[in-house]
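A.B. asks: What follows is a single structure, and I will ask about it in a moment.
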Amino acid sequence: MRVMVLGGAGFMGSNFVEFLVRNARRAEVLVYDKLTYAGRLENLRDVLDRIEFVKGDIVDERMLGETVQRFKPEVVVNFAAETHVDRSINEPAPFIRTNVLGVFTVLEVLRKYRDALYVHISTDEVYGDLSWTQEMADETWCLRPSSPYSASKAAGDLFITAYGRTYGINYTIVRPCNNYGPRQHPEKLIPRTIIRLLLGKPATIYGDGGQVRDWLYVQDFAEGLYTVIKKGESHSIYNICAHNFASVRQIVEMIVEMMGHDPSESIVYVRGRPGDDRRYAMKCDRVRSLGWTPRVDLREGLRRTIEWYKSNRWWWEPILDEYVLSDTPWKL
């Protein structure tokens, strides 16, 4: 199987590439990545000798098209995206460029090259804020994004389904819940909490910390995604989730406790960011019907993640910025 992974040097992309290299028989993998602040060759260092790497921007239609025509992929998986909600509040323009115009560019390339399945990595955030009484969202749920980030991802999803209907593009959309694990950029909640504690800084919680999310260990996601590629239906959408529901406050308290700190001294509450959704929750019956279930429970996943960041300071120290060091990065 020839797989082209767009954004494969980022957190989720690199973990999926590793999974492919180690588990997919006779997989030939090309990673195409712009290497932004969140995409680094260091994320691929254990598999670089077994893949092909091309530095490129998904908005560059000529370069992307030439790479597709040369490599002739059977599957194109698109992880390339701006993903941090705080950054989308401060500067939404890059999110429109990559998450909307970038998807449009990929679709235009694949409209000419008809031999690949396009697998798009979306997000549970496109479903928006669910009330405490609402049932969990399935794949037919209407899209109600709340932030510039989730709006840009929803727009990409709609372009894909439209191109599928209008031009016959062969696609699958995957909507994962919150992933976490090794090599996640320090700006995200779990690594940010771990790193701040390692630096002797308090962990911060936005608002009251009651925002509930579903937490999935990234290597479980990689296996779920591969299952969808191998067994799923085209022109379809699959939610991939764990039903490890926990609030932001519970996650931070678990990390603080597991790292041996006193929550009363190591956690500070700060002003919540604008438009913060209270609850995400998805049904994942469709992917479970393909035979996939997550293997790593939340506490074990957090333990592995904490140990990774403790043991790999060389990886995160050079990329620390104000989105980690500031108590309220969405206000930067």
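A note on labels: chains of the structure tokens are A, B, ... as shown, every chain counts residues from 1, and ligands are counted from 1 in their shown order.
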Determine which residues of region 108-222 of chain A DSSP labels as strand (DSSP E or B) from the backbone of this structure, then write them out as a compact mmCIF listing (two decimals) with C-alpha atoms, in the first residue's frame.

C.D. replies:
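Saved file result_13.txt follows:
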```
# COMPACT_ATOMS: atom_id res chain seq x y z
CA LEU A 117 -8.67 7.41 -1.44
CA TYR A 118 -8.60 10.76 0.37
CA VAL A 119 -8.73 10.33 4.16
CA HIS A 120 -9.28 13.62 5.95
CA ILE A 121 -8.56 14.13 9.65
CA ALA A 137 -23.22 13.16 18.42
CA TYR A 171 -13.07 10.24 0.45
CA THR A 172 -13.39 9.24 4.09
CA ILE A 173 -13.64 11.82 6.88
CA VAL A 174 -12.42 10.86 10.35
CA ARG A 175 -13.43 12.90 13.39
CA PRO A 176 -11.30 12.06 16.43
CA ASN A 178 -9.00 14.80 22.01
CA ASN A 179 -5.78 12.91 21.36
CA TYR A 180 -2.82 12.98 23.73
CA ALA A 203 -0.72 24.22 36.21
CA THR A 204 -3.45 26.54 34.92
CA ILE A 205 -7.15 25.85 34.42
CA TYR A 206 -9.39 28.04 32.26
CA VAL A 212 -15.68 17.87 29.49
CA ARG A 213 -13.72 16.15 26.76
CA ASP A 214 -13.18 12.58 25.57
CA TRP A 215 -9.50 11.56 25.80
CA LEU A 216 -7.88 9.07 23.40
CA TYR A 217 -4.27 7.90 23.53
```

A.B. asks: Write out as a PyMOL selection string the residues lying within 12 Å of Thr293 (chain A), counting only C-alpha atoms and excluding same-chain residues fewer than 3 positions away.

C.D. replies: chain A and resi 216-217+219-225+227-228+240-243+284-290+296-297

A.B. asks: Output C-alpha atoms for every residue in that selection, as a CSV table (one decimal), in the first residue's frame.

C.D. replies:
```csv
chain,number,residue,atom,x,y,z
A,216,LEU,CA,-7.9,9.1,23.4
A,217,TYR,CA,-4.3,7.9,23.5
A,219,GLN,CA,-1.4,5.3,19.4
A,220,ASP,CA,-4.9,3.9,19.8
A,221,PHE,CA,-6.1,6.6,17.4
A,222,ALA,CA,-3.4,5.5,14.9
A,223,GLU,CA,-4.7,1.9,15.0
A,224,GLY,CA,-8.3,3.1,14.7
A,225,LEU,CA,-7.5,5.2,11.7
A,227,THR,CA,-8.8,0.2,10.7
A,228,VAL,CA,-11.0,2.7,8.9
A,240,ILE,CA,-13.0,7.8,16.6
A,241,CYS,CA,-13.3,8.2,20.3
A,242,ALA,CA,-12.6,6.4,23.6
A,243,HIS,CA,-15.5,7.4,25.9
A,284,CYS,CA,-18.4,5.7,17.8
A,285,ASP,CA,-20.5,2.7,16.9
A,286,ARG,CA,-19.4,2.8,13.3
A,287,VAL,CA,-15.7,2.4,13.9
A,288,ARG,CA,-16.4,-0.1,16.7
A,289,SER,CA,-18.3,-2.2,14.1
A,290,LEU,CA,-15.1,-2.5,12.1
A,296,VAL,CA,-5.0,2.2,26.7
A,297,ASP,CA,-7.2,3.6,29.6
```

A.B. asks: I need the residues of region 97-253 of chain A that end up classed as alpha helix (DSSP H) by DSSP on the backbone, written out as a PyMOL selection string.

C.D. replies: chain A and resi 102-112+148-167+189-198+218-231+248-253

A.B. asks: Could you please determine the separation between CA of Arg97 (chain A) and CA of Met4 (chain A) in Å, to one decimal place?

C.D. replies: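 So the two atoms, CA of Arg97 (chain A) and CA of Met4 (chain A), lie 20.9 Å apart.
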
A.B. asks: Show me a table, sorted first by chain and then by increasing residue number, of the residues of region 255-294 of chain A having an atom at most 10 Å from region 75-91 of chain A, each with its shortest atom pair and the distance in Å to one decimal, counting only C-alpha atoms and written as JSON lines.

C.D. replies:
```
{"residue": "A:Arg273", "atom": "CA", "partner": "A:Asp86", "partner_atom": "CA", "distance": 7.8}
{"residue": "A:Pro274", "atom": "CA", "partner": "A:Ile89", "partner_atom": "CA", "distance": 8.1}
{"residue": "A:Gly275", "atom": "CA", "partner": "A:Ile89", "partner_atom": "CA", "distance": 9.5}
{"residue": "A:Asp276", "atom": "CA", "partner": "A:Val85", "partner_atom": "CA", "distance": 9.2}
```

A.B. asks: Using only C-alpha atoms, which of A:Pro186, A:Gly65, A:Gly301, A:Gly181 sits nearest Tyr37 (chain A)?

C.D. replies: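 Closest candidate: A:Pro186.
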
A.B. asks: Within 12 Å of Lys112 (chain A), counting only C-alpha atoms, which residues qualify if same-chain residues fewer than 3 places away don't, as a PyMOL selection string?

C.D. replies: chain A and resi 61+64-66+68-69+105-109+115-116+167-169

A.B. asks: Can you write just those residues out, N, CA and C atoms, as a compact mmCIF listing (two decimals), in the first residue's frame?

C.D. replies:
```txt
# COMPACT_ATOMS: atom_id res chain seq x y z
N GLU A 61 -0.25 24.17 -4.99
CA GLU A 61 -0.90 23.17 -5.84
C GLU A 61 0.08 22.52 -6.81
N LEU A 64 2.43 20.09 -4.77
CA LEU A 64 1.64 18.97 -4.27
C LEU A 64 1.23 18.06 -5.41
N GLY A 65 0.78 18.64 -6.51
CA GLY A 65 0.37 17.84 -7.66
C GLY A 65 1.51 17.04 -8.25
N GLU A 66 2.68 17.65 -8.36
CA GLU A 66 3.84 16.94 -8.89
C GLU A 66 4.23 15.77 -7.99
N VAL A 68 2.21 14.08 -5.93
CA VAL A 68 1.19 13.05 -6.07
C VAL A 68 1.40 12.27 -7.37
N GLN A 69 1.63 12.96 -8.47
CA GLN A 69 1.80 12.29 -9.76
C GLN A 69 3.03 11.39 -9.77
N THR A 105 -7.12 22.96 -2.05
CA THR A 105 -6.00 22.65 -2.94
C THR A 105 -5.80 21.14 -3.08
N VAL A 106 -5.87 20.43 -1.97
CA VAL A 106 -5.75 18.97 -2.02
C VAL A 106 -6.85 18.37 -2.90
N LEU A 107 -8.05 18.84 -2.72
CA LEU A 107 -9.17 18.33 -3.51
C LEU A 107 -8.99 18.61 -4.99
N GLU A 108 -8.47 19.78 -5.33
CA GLU A 108 -8.23 20.10 -6.73
C GLU A 108 -7.18 19.17 -7.34
N VAL A 109 -6.14 18.87 -6.56
CA VAL A 109 -5.11 17.93 -7.03
C VAL A 109 -5.72 16.55 -7.24
N ASP A 115 -6.88 8.21 -8.57
CA ASP A 115 -6.62 6.83 -8.14
C ASP A 115 -6.44 6.66 -6.64
N ALA A 116 -6.63 7.72 -5.85
CA ALA A 116 -6.35 7.63 -4.41
C ALA A 116 -7.62 7.83 -3.59
N TYR A 167 -17.82 15.81 -7.97
CA TYR A 167 -16.75 15.32 -8.84
C TYR A 167 -16.44 13.84 -8.64
N GLY A 168 -17.09 13.22 -7.65
CA GLY A 168 -16.83 11.80 -7.43
C GLY A 168 -15.53 11.51 -6.70
N ILE A 169 -14.97 12.49 -5.99
CA ILE A 169 -13.77 12.25 -5.19
C ILE A 169 -14.05 11.13 -4.19
```

A.B. asks: Can you list, as an MDAnalysis selection string, every protein, DNA or RNA residue that comes within 12 Å of Arg196 (chain A) when you count only C-alpha atoms, leaving out same-chain residues fewer than 4 positions away?

C.D. replies: chainID A and resid 186:192 200:204 252 255:256 259 261 266:268 306 309:310 316:317 320:327

A.B. asks: Given the selection you just returned, output its residues as a file containing N, CA and C atoms, formatted as a compact mmCIF listing (two decimals), in the first residue's frame.

C.D. replies:
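Written out: result.txt:
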```txt
# COMPACT_ATOMS: atom_id res chain seq x y z
N PRO A 186 3.82 21.34 23.11
CA PRO A 186 3.63 21.81 24.49
C PRO A 186 2.49 22.80 24.69
N GLU A 187 1.92 23.37 23.64
CA GLU A 187 0.82 24.31 23.81
C GLU A 187 -0.48 23.64 24.25
N LYS A 188 -0.62 22.33 24.04
CA LYS A 188 -1.87 21.64 24.34
C LYS A 188 -1.97 21.29 25.83
N LEU A 189 -3.18 21.07 26.32
CA LEU A 189 -3.44 20.99 27.76
C LEU A 189 -2.54 20.00 28.50
N ILE A 190 -2.51 18.75 28.05
CA ILE A 190 -1.80 17.72 28.83
C ILE A 190 -0.30 17.96 28.84
N PRO A 191 0.37 18.12 27.68
CA PRO A 191 1.81 18.41 27.77
C PRO A 191 2.11 19.74 28.44
N ARG A 192 1.25 20.74 28.23
CA ARG A 192 1.46 22.04 28.87
C ARG A 192 1.44 21.91 30.39
N GLY A 200 8.54 23.99 37.44
CA GLY A 200 8.27 24.62 38.72
C GLY A 200 7.19 25.67 38.67
N LYS A 201 6.41 25.67 37.61
CA LYS A 201 5.30 26.60 37.47
C LYS A 201 3.99 25.89 37.80
N PRO A 202 2.97 26.65 38.24
CA PRO A 202 1.69 26.00 38.52
C PRO A 202 0.97 25.62 37.22
N ALA A 203 0.18 24.56 37.30
CA ALA A 203 -0.72 24.22 36.21
C ALA A 203 -1.86 25.24 36.20
N THR A 204 -2.36 25.57 35.01
CA THR A 204 -3.45 26.54 34.92
C THR A 204 -4.71 25.87 34.37
N VAL A 252 -6.20 17.82 34.90
CA VAL A 252 -5.11 18.53 35.53
C VAL A 252 -4.85 17.98 36.93
N ILE A 255 -2.93 14.68 36.69
CA ILE A 255 -1.52 14.87 36.36
C ILE A 255 -0.75 15.39 37.56
N VAL A 256 -1.31 16.38 38.24
CA VAL A 256 -0.65 16.94 39.43
C VAL A 256 -0.41 15.86 40.47
N MET A 259 2.24 13.29 39.39
CA MET A 259 3.60 13.83 39.42
C MET A 259 4.05 14.20 40.82
N HIS A 261 2.62 16.27 43.18
CA HIS A 261 2.45 17.64 43.64
C HIS A 261 1.16 17.79 44.45
N SER A 266 -0.40 23.75 43.44
CA SER A 266 0.16 23.60 42.10
C SER A 266 -0.84 23.89 40.99
N ILE A 267 -2.03 24.37 41.32
CA ILE A 267 -3.05 24.68 40.32
C ILE A 267 -3.56 26.09 40.55
N VAL A 268 -3.65 26.88 39.49
CA VAL A 268 -4.27 28.20 39.57
C VAL A 268 -5.38 28.27 38.52
N ILE A 306 3.38 11.29 30.81
CA ILE A 306 4.21 11.97 31.79
C ILE A 306 5.65 11.48 31.71
N TYR A 309 7.52 12.88 28.60
CA TYR A 309 7.97 14.27 28.70
C TYR A 309 9.08 14.43 29.74
N LYS A 310 9.06 13.64 30.78
CA LYS A 310 10.16 13.66 31.74
C LYS A 310 11.47 13.23 31.09
N TRP A 316 11.29 19.08 23.96
CA TRP A 316 10.37 20.19 24.18
C TRP A 316 11.01 21.50 24.62
N GLU A 317 12.20 21.45 25.23
CA GLU A 317 12.79 22.69 25.71
C GLU A 317 13.04 23.72 24.59
N LEU A 320 9.62 25.83 23.58
CA LEU A 320 8.77 26.53 24.55
C LEU A 320 8.53 27.96 24.10
N ASP A 321 7.31 28.42 24.24
CA ASP A 321 6.99 29.81 23.92
C ASP A 321 5.92 30.31 24.89
N GLU A 322 5.38 31.48 24.61
CA GLU A 322 4.42 32.09 25.53
C GLU A 322 3.11 31.31 25.62
N TYR A 323 2.83 30.46 24.63
CA TYR A 323 1.62 29.65 24.72
C TYR A 323 1.75 28.57 25.79
N VAL A 324 2.96 28.34 26.25
CA VAL A 324 3.19 27.43 27.38
C VAL A 324 3.45 28.23 28.66
N LEU A 325 4.25 29.27 28.54
CA LEU A 325 4.72 29.98 29.72
C LEU A 325 3.70 30.97 30.26
N SER A 326 2.82 31.50 29.41
CA SER A 326 1.81 32.45 29.88
C SER A 326 0.66 31.72 30.56
N ASP A 327 0.09 32.34 31.59
CA ASP A 327 -1.06 31.75 32.27
C ASP A 327 -2.32 31.80 31.41
```

A.B. asks: Quick one: residues within 10 Å of Trp315 (chain A), only C-alpha atoms counted, chain neighbours fewer than 4 positions away excluded, as a list of chain:residue names?

C.D. replies: A:Arg40, A:Glu42, A:Asn43, A:Arg183, A:His185, A:Tyr309, A:Ser311, A:Ile319, A:Leu320

A.B. asks: Residues of the last selection are to be written out with N, CA and C atoms, as a PDB file, in the first residue's frame.

C.D. replies:
```
ATOM      1  N   ARG A  40       7.905  18.749  12.968  1.00  0.00           N
ATOM      2  CA  ARG A  40       9.362  18.705  13.116  1.00  0.00           C
ATOM      3  C   ARG A  40       9.891  17.354  12.657  1.00  0.00           C
ATOM      4  N   GLU A  42      12.276  15.896  13.913  1.00  0.00           N
ATOM      5  CA  GLU A  42      12.584  15.118  15.121  1.00  0.00           C
ATOM      6  C   GLU A  42      11.458  14.140  15.444  1.00  0.00           C
ATOM      7  N   ASN A  43      10.234  14.464  15.059  1.00  0.00           N
ATOM      8  CA  ASN A  43       9.105  13.569  15.332  1.00  0.00           C
ATOM      9  C   ASN A  43       9.176  12.276  14.521  1.00  0.00           C
ATOM     10  N   ARG A 183       5.011  13.413  21.972  1.00  0.00           N
ATOM     11  CA  ARG A 183       5.285  14.347  20.874  1.00  0.00           C
ATOM     12  C   ARG A 183       4.157  15.320  20.605  1.00  0.00           C
ATOM     13  N   HIS A 185       2.536  18.861  20.881  1.00  0.00           N
ATOM     14  CA  HIS A 185       3.171  20.161  21.079  1.00  0.00           C
ATOM     15  C   HIS A 185       2.854  20.695  22.478  1.00  0.00           C
ATOM     16  N   TYR A 309       7.520  12.878  28.596  1.00  0.00           N
ATOM     17  CA  TYR A 309       7.972  14.268  28.699  1.00  0.00           C
ATOM     18  C   TYR A 309       9.083  14.429  29.738  1.00  0.00           C
ATOM     19  N   SER A 311      11.393  12.245  30.206  1.00  0.00           N
ATOM     20  CA  SER A 311      12.593  11.641  29.618  1.00  0.00           C
ATOM     21  C   SER A 311      13.061  12.322  28.346  1.00  0.00           C
ATOM     22  N   ILE A 319      11.327  24.420  22.015  1.00  0.00           N
ATOM     23  CA  ILE A 319      10.123  24.957  21.370  1.00  0.00           C
ATOM     24  C   ILE A 319       9.156  25.591  22.371  1.00  0.00           C
ATOM     25  N   LEU A 320       9.620  25.829  23.581  1.00  0.00           N
ATOM     26  CA  LEU A 320       8.770  26.526  24.551  1.00  0.00           C
ATOM     27  C   LEU A 320       8.532  27.962  24.097  1.00  0.00           C
TER      28      LEU A 320
END
```

A.B. asks: Considering only C-alpha atoms, return as a ChimeraX atom specification whatever protein or nucleic-acid residues lie within 12 Å of Ala9 (chain A), sequence-local ones (same chain, fewer than 5 positions apart) excluded.

C.D. replies: /A:14-18,30-48,51-56,78-81,183-185

A.B. asks: Find the distance between CA of Thr305 (chain A) and CA of Pro182 (chain A) and write it in Å to one decimal.

C.D. replies: 5.7 Å

A.B. asks: Would you mind telling me which residue in A:Tyr280, A:Leu6, A:Trp292, A:Asn170 lies nearest to Glu233 (chain A) when using only C-alpha atoms?

C.D. replies: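 Of the candidates, the smallest distance to Glu233 (chain A) is held by A:Asn170.
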
A.B. asks: Looking at A:Gly232, A:Thr166, A:Tyr113, A:Lys153, which one is nearest to Gly291 (chain A), with distances taken over only C-alpha atoms?

C.D. replies: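 Of all the options, A:Gly232 lies closest to Gly291 (chain A).
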